[in-house]
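Structure file work-v2.pdb (PDB, C-alpha atoms) follows.
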ATOM      1  CA  MET A 904       0.000   0.000   0.000  1.00  0.00           C
ATOM      2  CA  ALA A 905       2.898   2.373   0.641  1.00  0.00           C
ATOM      3  CA  VAL A 906       3.904   2.212  -3.037  1.00  0.00           C
ATOM      4  CA  GLN A 907       0.321   2.959  -4.159  1.00  0.00           C
ATOM      5  CA  LYS A 908       0.120   5.963  -1.853  1.00  0.00           C
ATOM      6  CA  LYS A 909       3.482   7.247  -2.987  1.00  0.00           C
ATOM      7  CA  LEU A 910       2.544   6.968  -6.676  1.00  0.00           C
ATOM      8  CA  THR A 911      -0.447   9.232  -6.176  1.00  0.00           C
ATOM      9  CA  GLU A 912       1.635  11.949  -4.575  1.00  0.00           C
ATOM     10  CA  ALA A 913       3.015  14.697  -6.785  1.00  0.00           C
ATOM     11  CA  ASN A 914       6.425  14.785  -5.164  1.00  0.00           C
ATOM     12  CA  LEU A 915       8.287  11.614  -6.000  1.00  0.00           C
ATOM     13  CA  THR A 916      11.972  11.623  -5.124  1.00  0.00           C
ATOM     14  CA  VAL A 917      14.581  10.944  -7.758  1.00  0.00           C
ATOM     15  CA  GLY A 918      15.581   7.789  -5.887  1.00  0.00           C
ATOM     16  CA  PHE A 919      12.024   6.473  -5.893  1.00  0.00           C
ATOM     17  CA  VAL A 920      11.590   7.243  -9.605  1.00  0.00           C
ATOM     18  CA  ALA A 921      14.895   5.540 -10.388  1.00  0.00           C
ATOM     19  CA  LYS A 922      13.978   2.414  -8.449  1.00  0.00           C
ATOM     20  CA  ARG A 923      10.408   2.262  -9.768  1.00  0.00           C
ATOM     21  CA  SER A 924      11.370   2.889 -13.410  1.00  0.00           C
ATOM     22  CA  GLY A 925      14.462   0.671 -13.408  1.00  0.00           C
ATOM     23  CA  VAL A 926      16.956   3.349 -14.427  1.00  0.00           C
ATOM     24  CA  LYS A 927      19.836   4.917 -12.551  1.00  0.00           C
ATOM     25  CA  VAL A 928      19.530   8.292 -10.865  1.00  0.00           C
ATOM     26  CA  SER A 929      22.223   9.572 -13.211  1.00  0.00           C
ATOM     27  CA  THR A 930      20.072   8.472 -16.167  1.00  0.00           C
ATOM     28  CA  LEU A 931      17.159  10.526 -14.849  1.00  0.00           C
ATOM     29  CA  HIS A 932      19.449  13.524 -14.490  1.00  0.00           C
ATOM     30  CA  PHE A 933      20.648  12.944 -18.047  1.00  0.00           C
ATOM     31  CA  TYR A 934      17.075  12.659 -19.390  1.00  0.00           C
ATOM     32  CA  GLU A 935      16.164  15.864 -17.583  1.00  0.00           C
ATOM     33  CA  ASN A 936      19.223  17.651 -18.920  1.00  0.00           C
ATOM     34  CA  LYS A 937      18.213  16.580 -22.445  1.00  0.00           C
ATOM     35  CA  GLY A 938      14.676  17.905 -21.913  1.00  0.00           C
ATOM     36  CA  LEU A 939      12.991  14.488 -21.996  1.00  0.00           C
ATOM     37  CA  ILE A 940      11.548  14.683 -18.473  1.00  0.00           C
ATOM     38  CA  ARG A 941      10.848  17.491 -16.018  1.00  0.00           C
ATOM     39  CA  SER A 942      11.156  17.899 -12.285  1.00  0.00           C
ATOM     40  CA  TRP A 943      10.618  20.696  -9.844  1.00  0.00           C
ATOM     41  CA  ARG A 944      12.470  21.686  -6.687  1.00  0.00           C
ATOM     42  CA  ASN A 945      10.956  21.634  -3.228  1.00  0.00           C
ATOM     43  CA  SER A 946      11.696  24.180  -0.520  1.00  0.00           C
ATOM     44  CA  GLY A 947      14.851  22.238   0.390  1.00  0.00           C
ATOM     45  CA  ASN A 948      15.988  22.461  -3.254  1.00  0.00           C
ATOM     46  CA  GLN A 949      15.519  18.710  -3.726  1.00  0.00           C
ATOM     47  CA  ARG A 950      14.419  17.381  -7.102  1.00  0.00           C
ATOM     48  CA  ARG A 951      10.828  16.081  -7.189  1.00  0.00           C
ATOM     49  CA  PHE A 952       8.796  14.458  -9.944  1.00  0.00           C
ATOM     50  CA  LYS A 953       5.135  14.061 -10.713  1.00  0.00           C
ATOM     51  CA  PRO A 954       3.960  10.448 -11.025  1.00  0.00           C
ATOM     52  CA  ASP A 955       3.486  10.714 -14.806  1.00  0.00           C
ATOM     53  CA  VAL A 956       7.271  10.798 -15.188  1.00  0.00           C
ATOM     54  CA  LEU A 957       7.189   7.012 -14.781  1.00  0.00           C
ATOM     55  CA  ARG A 958       5.217   6.680 -18.020  1.00  0.00           C
ATOM     56  CA  ARG A 959       7.527   9.110 -19.826  1.00  0.00           C
ATOM     57  CA  VAL A 960      10.561   7.094 -18.733  1.00  0.00           C
ATOM     58  CA  ALA A 961       8.826   3.898 -19.884  1.00  0.00           C
ATOM     59  CA  VAL A 962       8.171   5.486 -23.302  1.00  0.00           C
ATOM     60  CA  ILE A 963      11.805   6.594 -23.528  1.00  0.00           C
ATOM     61  CA  LYS A 964      13.081   3.130 -22.605  1.00  0.00           C
ATOM     62  CA  ALA A 965      10.719   1.407 -25.071  1.00  0.00           C
ATOM     63  CA  ALA A 966      11.742   3.772 -27.861  1.00  0.00           C
ATOM     64  CA  GLN A 967      15.434   3.295 -27.104  1.00  0.00           C
ATOM     65  CA  ALA A 968      14.952  -0.477 -27.208  1.00  0.00           C
ATOM     66  CA  MET A 969      13.598   0.007 -30.737  1.00  0.00           C
ATOM     67  CA  GLY A 970      16.727   1.932 -31.703  1.00  0.00           C
ATOM     68  CA  ILE A 971      15.103   5.367 -31.654  1.00  0.00           C
ATOM     69  CA  THR A 972      17.638   8.046 -30.703  1.00  0.00           C
ATOM     70  CA  LEU A 973      17.109  10.337 -27.741  1.00  0.00           C
ATOM     71  CA  GLU A 974      16.915  13.296 -30.107  1.00  0.00           C
ATOM     72  CA  GLU A 975      14.156  11.570 -32.115  1.00  0.00           C
ATOM     73  CA  ILE A 976      12.345  10.752 -28.871  1.00  0.00           C
ATOM     74  CA  LYS A 977      12.625  14.363 -27.737  1.00  0.00           C
ATOM     75  CA  GLN A 978      11.320  15.683 -31.051  1.00  0.00           C
ATOM     76  CA  THR A 979       8.407  13.260 -31.002  1.00  0.00           C
ATOM     77  CA  LEU A 980       7.467  13.985 -27.383  1.00  0.00           C
ATOM     78  CA  ALA A 981       7.645  17.712 -28.165  1.00  0.00           C
ATOM     79  CA  THR A 982       4.682  17.254 -30.534  1.00  0.00           C
ATOM     80  CA  LEU A 983       2.410  16.498 -27.587  1.00  0.00           C
ATOM     81  CA  PRO A 984       0.350  19.452 -26.339  1.00  0.00           C
ATOM     82  CA  GLU A 985       1.809  21.210 -23.301  1.00  0.00           C
ATOM     83  CA  GLN A 986       4.593  18.597 -23.072  1.00  0.00           C
ATOM     84  CA  ARG A 987       2.129  16.188 -21.511  1.00  0.00           C
ATOM     85  CA  THR A 988       2.970  12.587 -20.852  1.00  0.00           C
ATOM     86  CA  PRO A 989       1.749  10.324 -23.654  1.00  0.00           C
ATOM     87  CA  THR A 990      -1.666   8.772 -23.225  1.00  0.00           C
ATOM     88  CA  GLN A 991      -2.522   5.365 -24.661  1.00  0.00           C
ATOM     89  CA  LYS A 992      -3.854   7.113 -27.782  1.00  0.00           C
ATOM     90  CA  ASP A 993      -0.650   9.190 -28.009  1.00  0.00           C
ATOM     91  CA  TRP A 994       1.485   6.051 -27.666  1.00  0.00           C
ATOM     92  CA  SER A 995      -0.414   4.429 -30.510  1.00  0.00           C
ATOM     93  CA  ALA A 996       0.322   7.406 -32.765  1.00  0.00           C
ATOM     94  CA  LEU A 997       3.957   7.683 -31.630  1.00  0.00           C
ATOM     95  CA  SER A 998       4.620   3.999 -32.132  1.00  0.00           C
ATOM     96  CA  LYS A 999       3.200   4.146 -35.667  1.00  0.00           C
ATOM     97  CA  LEU A1000       5.689   6.900 -36.498  1.00  0.00           C
ATOM     98  CA  TRP A1001       8.492   4.788 -35.106  1.00  0.00           C
ATOM     99  CA  GLN A1002       7.306   1.651 -36.914  1.00  0.00           C
ATOM    100  CA  LYS A1003       8.375   3.228 -40.200  1.00  0.00           C
ATOM    101  CA  LYS A1004      11.851   3.826 -38.800  1.00  0.00           C
ATOM    102  CA  LEU A1005      11.965   0.233 -37.574  1.00  0.00           C
ATOM    103  CA  ASP A1006      10.947  -1.054 -41.004  1.00  0.00           C
ATOM    104  CA  GLU A1007      13.747   1.013 -42.569  1.00  0.00           C
ATOM    105  CA  ARG A1008      16.277  -0.338 -40.069  1.00  0.00           C
ATOM    106  CA  ILE A1009      15.131  -3.911 -40.646  1.00  0.00           C
ATOM    107  CA  ALA A1010      15.452  -3.497 -44.425  1.00  0.00           C
ATOM    108  CA  TYR A1011      18.913  -1.969 -43.970  1.00  0.00           C
ATOM    109  CA  MET A1012      20.028  -4.808 -41.701  1.00  0.00           C
ATOM    110  CA  GLN A1013      18.721  -7.393 -44.182  1.00  0.00           C
ATOM    111  CA  ARG A1014      20.722  -5.741 -46.988  1.00  0.00           C
ATOM    112  CA  LEU A1015      23.755  -5.684 -44.729  1.00  0.00           C
ATOM    113  CA  ARG A1016      23.312  -9.367 -43.859  1.00  0.00           C
ATOM    114  CA  GLU A1017      23.118 -10.293 -47.549  1.00  0.00           C
ATOM    115  CA  ARG A1018      26.227  -8.327 -48.505  1.00  0.00           C
ATOM    116  CA  VAL A1019      28.484  -8.460 -45.493  1.00  0.00           C
ATOM    117  CA  ASP A1020      30.348 -11.626 -46.473  1.00  0.00           C
ATOM    118  CA  GLY A1021      31.397 -10.234 -49.857  1.00  0.00           C
ATOM    119  CA  CYS A1022      32.029  -6.586 -49.105  1.00  0.00           C
ATOM    120  CA  ILE A1023      32.008  -4.095 -46.297  1.00  0.00           C
ATOM    121  CA  GLY A1024      30.621  -1.423 -48.602  1.00  0.00           C
ATOM    122  CA  CYS A1025      33.575   0.901 -48.358  1.00  0.00           C
ATOM    123  CA  GLY A1026      34.116   1.415 -52.061  1.00  0.00           C
ATOM    124  CA  CYS A1027      37.752   0.393 -51.750  1.00  0.00           C
ATOM    125  CA  LEU A1028      39.950  -0.509 -54.664  1.00  0.00           C
ATOM    126  CA  SER A1029      41.526  -3.578 -53.093  1.00  0.00           C
ATOM    127  CA  MET A1030      38.962  -6.354 -53.264  1.00  0.00           C
ATOM    128  CA  SER A1031      38.821  -7.629 -56.810  1.00  0.00           C
ATOM    129  CA  LYS A1032      36.126 -10.166 -55.887  1.00  0.00           C
ATOM    130  CA  CYS A1033      33.950  -7.562 -54.188  1.00  0.00           C
ATOM    131  CA  PRO A1034      30.411  -7.504 -55.637  1.00  0.00           C
ATOM    132  CA  ILE A1035      30.575  -3.739 -55.862  1.00  0.00           C
ATOM    133  CA  TYR A1036      34.239  -3.419 -56.778  1.00  0.00           C
ATOM    134  CA  ASN A1037      35.199   0.204 -57.276  1.00  0.00           C
ATOM    135  CA  LYS A1038      37.453  -0.012 -60.317  1.00  0.00           C
ATOM    136  CA  ASP A1039      39.292   3.254 -61.012  1.00  0.00           C
ATOM    137  CA  ASP A1040      37.728   4.786 -57.864  1.00  0.00           C
ATOM    138  CA  HIS A1041      34.722   6.164 -59.718  1.00  0.00           C
ATOM    139  CA  LEU A1042      32.795   6.191 -56.434  1.00  0.00           C
ATOM    140  CA  GLY A1043      35.287   8.616 -54.902  1.00  0.00           C
ATOM    141  CA  GLU A1044      34.070  11.316 -57.258  1.00  0.00           C
ATOM    142  CA  THR A1045      30.636  11.460 -55.640  1.00  0.00           C
ATOM    143  CA  GLN A1046      30.786   9.631 -52.311  1.00  0.00           C
ATOM    144  CA  SER A1047      32.959   8.861 -49.352  1.00  0.00           C
ATOM    145  CA  GLY A1048      33.008   6.298 -46.568  1.00  0.00           C
ATOM    146  CA  ALA A1049      31.296   2.972 -46.093  1.00  0.00           C
ATOM    147  CA  ILE A1050      27.991   4.017 -47.595  1.00  0.00           C
ATOM    148  CA  LEU A1051      27.643   1.547 -50.434  1.00  0.00           C
ATOM    149  CA  LEU A1052      25.650  -0.841 -48.273  1.00  0.00           C
ATOM    150  CA  GLU A1053      22.938   1.781 -48.066  1.00  0.00           C
ATOM    151  CA  ARG A1054      22.270   1.451 -51.771  1.00  0.00           C
ATOM    152  CA  ASP A1055      19.306  -0.616 -52.839  1.00  0.00           C
TER
END

Any chance you could give the structure as structure tokens?
Amino acid sequence: MAVQKKLTEANLTVGFVAKRSGVKVSTLHFYENKGLIRSWRNSGNQRRFKPDVLRRVAVIKAAQAMGITLEEIKQTLATLPEQRTPTQKDWSALSKLWQKKLDERIAYMQRLRERVDGCIGCGCLSMSKCPIYNKDDHLGETQSGAILLERD
């Protein structure tokens, strides 16, 4: 019952939020510094959180597990009115946006898997058996780096 009571209070400590959300205190500080979560200070200048921060942290962790960057998460959360914590309806919309990114990553990884044994995609001149051998360095005129794997 103590946990239930504490969750309804609007002044959760950083330690409680860390324990309840499964992240380190330093991670919460980092998220706050990046503008992903918000806290307020009590009269003793101690950091306090509203209970909805637990859902925001869960959204951040879920998105990170999908490979979404913190900057992408921040931009997406910024689309919510008044920086509110995502509702179930919001999560449905957010996850649909991220599904496209996941599909792109999956397609990229499949292309990488198919090509990785024959070439690293660097456009080098040294692998005569490379499926995308770069004879006479014609790729160097327009591109640089290991970007050939990103081609379809």

- Item | Residues selected by the PyMOL selection byres ((chain A and resi 931) around 12), written as a PyMOL selection string | chain A and resi 916-930+932-942+950-952+956-957+959-961+963-964

Who sits within 9 Å of Thr988 of chain A, only C-alpha atoms, same chain under 3 positions skipped, as an mmCIF file with C-alpha atoms, keeping the file's coordinate frame:
data_model
loop_
_atom_site.group_PDB
_atom_site.id
_atom_site.type_symbol
_atom_site.label_atom_id
_atom_site.label_comp_id
_atom_site.auth_asym_id
_atom_site.auth_seq_id
_atom_site.Cartn_x
_atom_site.Cartn_y
_atom_site.Cartn_z
ATOM 1 C CA ASP A 955 3.486 10.714 -14.806
ATOM 2 C CA VAL A 956 7.271 10.798 -15.188
ATOM 3 C CA ARG A 958 5.217 6.680 -18.020
ATOM 4 C CA ARG A 959 7.527 9.110 -19.826
ATOM 5 C CA LEU A 980 7.467 13.985 -27.383
ATOM 6 C CA LEU A 983 2.410 16.498 -27.587
ATOM 7 C CA ASP A 993 -0.650 9.190 -28.009
#

- Kindly indicate which residue among A:Gln1046, A:Arg1016, A:Thr990, A:Asn914 lies nearest to Pro954 of chain A, using only C-alpha atoms for the distances.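 Using only C-alpha atoms, Pro954 of chain A sits closest to A:Asn914.
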
- Contacts of Ile1009 of chain A at 12 Å (only C-alpha atoms; same-chain gap of 6+ positions) as a ChimeraX atom specification: /A:969-970,1002-1003,1015-1016

- Task: Have a look at atom CA of Ser946 of chain A and atom CA of Pro984 of chain A and let me know their distance in Å, one decimal.
- Result: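 Computing the Euclidean distance for atom CA of Ser946 of chain A and atom CA of Pro984 of chain A yields 28.6 Å.
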
- Message: To one decimal place in Å, what is the distance between atom CA of Lys953 of chain A and atom CA of Leu915 of chain A?
- Response: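 So the answer is 6.2 Å.
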
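Here atom CA of Leu1005 of chain A and atom CA of Gln967 of chain A stand 11.4 Å from one another.
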
- I would like the residues chosen by the PyMOL selection byres ((chain A and resi 971) around 12) on the shown file; could you give them as a ChimeraX atom specification? /A:962-970,972-979,997-998,1000-1005,1007-1008

Kindly add N, CA, C and O atoms to the incomplete segment 923-945 of chain A and provide the output as a PDB file, keeping the file's coordinate frame.
ATOM      1  N   ARG A 923      11.686   2.686  -9.190  1.00  0.00           N
ATOM      2  CA  ARG A 923      10.408   2.262  -9.768  1.00  0.00           C
ATOM      3  C   ARG A 923      10.479   2.104 -11.278  1.00  0.00           C
ATOM      4  O   ARG A 923       9.859   1.230 -11.862  1.00  0.00           O
ATOM      5  N   SER A 924      11.285   2.939 -11.952  1.00  0.00           N
ATOM      6  CA  SER A 924      11.370   2.889 -13.410  1.00  0.00           C
ATOM      7  C   SER A 924      12.488   1.980 -13.908  1.00  0.00           C
ATOM      8  O   SER A 924      12.549   1.671 -15.090  1.00  0.00           O
ATOM      9  N   GLY A 925      13.384   1.582 -13.011  1.00  0.00           N
ATOM     10  CA  GLY A 925      14.462   0.671 -13.408  1.00  0.00           C
ATOM     11  C   GLY A 925      15.630   1.347 -14.104  1.00  0.00           C
ATOM     12  O   GLY A 925      16.356   0.713 -14.856  1.00  0.00           O
ATOM     13  N   VAL A 926      15.800   2.643 -13.867  1.00  0.00           N
ATOM     14  CA  VAL A 926      16.956   3.349 -14.427  1.00  0.00           C
ATOM     15  C   VAL A 926      17.757   3.964 -13.286  1.00  0.00           C
ATOM     16  O   VAL A 926      17.248   4.145 -12.186  1.00  0.00           O
ATOM     17  N   LYS A 927      18.982   4.306 -13.558  1.00  0.00           N
ATOM     18  CA  LYS A 927      19.836   4.917 -12.551  1.00  0.00           C
ATOM     19  C   LYS A 927      19.448   6.378 -12.340  1.00  0.00           C
ATOM     20  O   LYS A 927      18.905   7.027 -13.236  1.00  0.00           O
ATOM     21  N   VAL A 928      19.764   6.878 -11.171  1.00  0.00           N
ATOM     22  CA  VAL A 928      19.530   8.292 -10.865  1.00  0.00           C
ATOM     23  C   VAL A 928      20.250   9.166 -11.886  1.00  0.00           C
ATOM     24  O   VAL A 928      19.697  10.151 -12.388  1.00  0.00           O
ATOM     25  N   SER A 929      21.465   8.788 -12.234  1.00  0.00           N
ATOM     26  CA  SER A 929      22.223   9.572 -13.211  1.00  0.00           C
ATOM     27  C   SER A 929      21.522   9.590 -14.577  1.00  0.00           C
ATOM     28  O   SER A 929      21.606  10.580 -15.305  1.00  0.00           O
ATOM     29  N   THR A 930      20.825   8.519 -14.908  1.00  0.00           N
ATOM     30  CA  THR A 930      20.072   8.472 -16.167  1.00  0.00           C
ATOM     31  C   THR A 930      18.922   9.463 -16.124  1.00  0.00           C
ATOM     32  O   THR A 930      18.657  10.174 -17.102  1.00  0.00           O
ATOM     33  N   LEU A 931      18.239   9.548 -14.988  1.00  0.00           N
ATOM     34  CA  LEU A 931      17.159  10.526 -14.849  1.00  0.00           C
ATOM     35  C   LEU A 931      17.694  11.945 -14.977  1.00  0.00           C
ATOM     36  O   LEU A 931      17.081  12.790 -15.634  1.00  0.00           O
ATOM     37  N   HIS A 932      18.830  12.202 -14.371  1.00  0.00           N
ATOM     38  CA  HIS A 932      19.449  13.524 -14.490  1.00  0.00           C
ATOM     39  C   HIS A 932      19.785  13.810 -15.956  1.00  0.00           C
ATOM     40  O   HIS A 932      19.560  14.923 -16.448  1.00  0.00           O
ATOM     41  N   PHE A 933      20.309  12.801 -16.630  1.00  0.00           N
ATOM     42  CA  PHE A 933      20.648  12.944 -18.047  1.00  0.00           C
ATOM     43  C   PHE A 933      19.402  13.225 -18.882  1.00  0.00           C
ATOM     44  O   PHE A 933      19.396  14.131 -19.717  1.00  0.00           O
ATOM     45  N   TYR A 934      18.335  12.440 -18.663  1.00  0.00           N
ATOM     46  CA  TYR A 934      17.075  12.659 -19.390  1.00  0.00           C
ATOM     47  C   TYR A 934      16.548  14.073 -19.143  1.00  0.00           C
ATOM     48  O   TYR A 934      16.067  14.732 -20.057  1.00  0.00           O
ATOM     49  N   GLU A 935      16.651  14.520 -17.901  1.00  0.00           N
ATOM     50  CA  GLU A 935      16.164  15.864 -17.583  1.00  0.00           C
ATOM     51  C   GLU A 935      17.022  16.922 -18.278  1.00  0.00           C
ATOM     52  O   GLU A 935      16.505  17.891 -18.836  1.00  0.00           O
ATOM     53  N   ASN A 936      18.316  16.720 -18.258  1.00  0.00           N
ATOM     54  CA  ASN A 936      19.223  17.651 -18.920  1.00  0.00           C
ATOM     55  C   ASN A 936      18.947  17.729 -20.420  1.00  0.00           C
ATOM     56  O   ASN A 936      19.085  18.790 -21.031  1.00  0.00           O
ATOM     57  N   LYS A 937      18.524  16.631 -21.015  1.00  0.00           N
ATOM     58  CA  LYS A 937      18.213  16.580 -22.445  1.00  0.00           C
ATOM     59  C   LYS A 937      16.793  17.074 -22.751  1.00  0.00           C
ATOM     60  O   LYS A 937      16.392  17.133 -23.904  1.00  0.00           O
ATOM     61  N   GLY A 938      16.026  17.392 -21.708  1.00  0.00           N
ATOM     62  CA  GLY A 938      14.676  17.905 -21.913  1.00  0.00           C
ATOM     63  C   GLY A 938      13.633  16.830 -22.162  1.00  0.00           C
ATOM     64  O   GLY A 938      12.540  17.124 -22.658  1.00  0.00           O
ATOM     65  N   LEU A 939      13.932  15.595 -21.792  1.00  0.00           N
ATOM     66  CA  LEU A 939      12.991  14.488 -21.996  1.00  0.00           C
ATOM     67  C   LEU A 939      11.993  14.337 -20.850  1.00  0.00           C
ATOM     68  O   LEU A 939      10.889  13.856 -21.039  1.00  0.00           O
ATOM     69  N   ILE A 940      12.419  14.718 -19.650  1.00  0.00           N
ATOM     70  CA  ILE A 940      11.548  14.683 -18.473  1.00  0.00           C
ATOM     71  C   ILE A 940      11.725  15.999 -17.721  1.00  0.00           C
ATOM     72  O   ILE A 940      12.687  16.730 -17.960  1.00  0.00           O
ATOM     73  N   ARG A 941      10.781  16.255 -16.812  1.00  0.00           N
ATOM     74  CA  ARG A 941      10.848  17.491 -16.018  1.00  0.00           C
ATOM     75  C   ARG A 941      10.684  17.174 -14.539  1.00  0.00           C
ATOM     76  O   ARG A 941       9.971  16.242 -14.168  1.00  0.00           O
ATOM     77  N   SER A 942      11.332  17.975 -13.736  1.00  0.00           N
ATOM     78  CA  SER A 942      11.156  17.899 -12.285  1.00  0.00           C
ATOM     79  C   SER A 942      10.952  19.309 -11.773  1.00  0.00           C
ATOM     80  O   SER A 942      11.021  20.278 -12.519  1.00  0.00           O
ATOM     81  N   TRP A 943      10.698  19.398 -10.502  1.00  0.00           N
ATOM     82  CA  TRP A 943      10.618  20.696  -9.844  1.00  0.00           C
ATOM     83  C   TRP A 943      11.393  20.569  -8.539  1.00  0.00           C
ATOM     84  O   TRP A 943      11.748  19.467  -8.127  1.00  0.00           O
ATOM     85  N   ARG A 944      11.695  21.671  -7.942  1.00  0.00           N
ATOM     86  CA  ARG A 944      12.470  21.686  -6.687  1.00  0.00           C
ATOM     87  C   ARG A 944      11.570  22.049  -5.525  1.00  0.00           C
ATOM     88  O   ARG A 944      10.773  22.970  -5.622  1.00  0.00           O
ATOM     89  N   ASN A 945      11.732  21.301  -4.422  1.00  0.00           N
ATOM     90  CA  ASN A 945      10.956  21.634  -3.228  1.00  0.00           C
ATOM     91  C   ASN A 945      11.664  22.735  -2.447  1.00  0.00           C
ATOM     92  O   ASN A 945      12.695  23.245  -2.885  1.00  0.00           O
TER      93      ASN A 945
END
